[in-house]
Amino acid sequence: MALDSRQQTLRWDSIHPQIVVGTEFYSMRPTKMMANRWEGLLPVPAGTNIIHYRYKFDFTYNAMGQPKSDSALSGEYTLRILDKP
């Protein structure tokens with residue numbers, strides 16, 4: 001997953017991305033040798049062939065006085081697992 005933002009006050013080093021499936025949250029880690037990109041593992045229970053998920057970004061940004069916290073949520077994505085014919 002990659003993040004692109006026009007928010008000039010965003011503190012890029014504070015971004016904490018997660019994968020959200022229902023009420024479960026899965027942490028992501030920075031992708032090696034790439035800027036502003038993260039990767040994560042999404043466990044899929046046996047017998048499940050479709051998962052709906054979103055990305056959630058917690059971050060801080062510069063504001064008058066102290067930095068403030070905020071978050072953003074992506075649109076929904078669908079992972080489909082297809083059986084080989």
# chains A, B, ... in the order shown; residues from 1 in each chain; ligands from 1
>>> select_by_dssp(residues="chain A", states="strand (DSSP E or B)", output="VMD selection string")
chain A and resid 2 10 16 to 21 24 to 27 29 to 30 37 to 39 50 to 61 68 to 73 77 to 80
>>> residues_around(residues="Tyr53 of chain A", least_positions_apart="6", cutoff="8 Å", atoms="only C-alpha atoms", output="list of chain:residue names")
A:Ile19, A:Val20, A:Val21, A:Gly22, A:Glu76, A:Tyr77, A:Thr78, A:Leu79
>>> atom_distance(atom1="atom CA of Trp12 of chain A", atom2="atom CA of Phe59 of chain A")
7.8 Å
>>> residues_around(residues="Arg29 of chain A", least_positions_apart="3", cutoff="10 Å", atoms="only C-alpha atoms", output="VMD selection string")
chain A and resid 16 to 18 32 37 to 41
>>> atom_distance(atom1="atom CA of Asn62 of chain A", atom2="atom CA of Thr9 of chain A")
5.0 Å
>>> atom_distance(atom1="atom CA of Ile15 of chain A", atom2="atom CA of Ile50 of chain A")
28.1 Å
>>> closest_residue(among="A:Ser14, A:Ser71, A:Thr23, A:Gln8", to="Asn36 of chain A", atoms="only C-alpha atoms")
A:Ser14
>>> residues_around(residues="Thr48 of chain A", least_positions_apart="2", cutoff="12 Å", atoms="only C-alpha atoms", output="list of chain:residue names")
A:Pro43, A:Val44, A:Pro45, A:Ala46, A:Ile50, A:Ile51, A:His52, A:Leu79, A:Arg80, A:Ile81, A:Leu82, A:Asp83
>>> write_last_selection(atoms="C-alpha atoms", output="compact mmCIF listing (two decimals), in the first residue's frame")
# COMPACT_ATOMS: atom_id res chain seq x y z
CA PRO A 43 -4.75 -13.90 7.78
CA VAL A 44 -7.54 -15.69 5.93
CA PRO A 45 -9.40 -18.45 7.79
CA ALA A 46 -9.63 -21.86 6.09
CA ILE A 50 -13.65 -13.49 0.19
CA ILE A 51 -12.44 -10.81 2.62
CA HIS A 52 -13.47 -7.14 2.70
CA LEU A 79 -9.74 -9.95 -1.62
CA ARG A 80 -11.03 -12.97 -3.53
CA ILE A 81 -9.34 -16.34 -3.29
CA LEU A 82 -9.89 -18.45 -6.36
CA ASP A 83 -9.45 -22.21 -6.47
>>> closest_residue(among="A:Glu24, A:Lys56, A:Leu42, A:Asp70", to="Arg11 of chain A", atoms="only C-alpha atoms")
A:Asp70
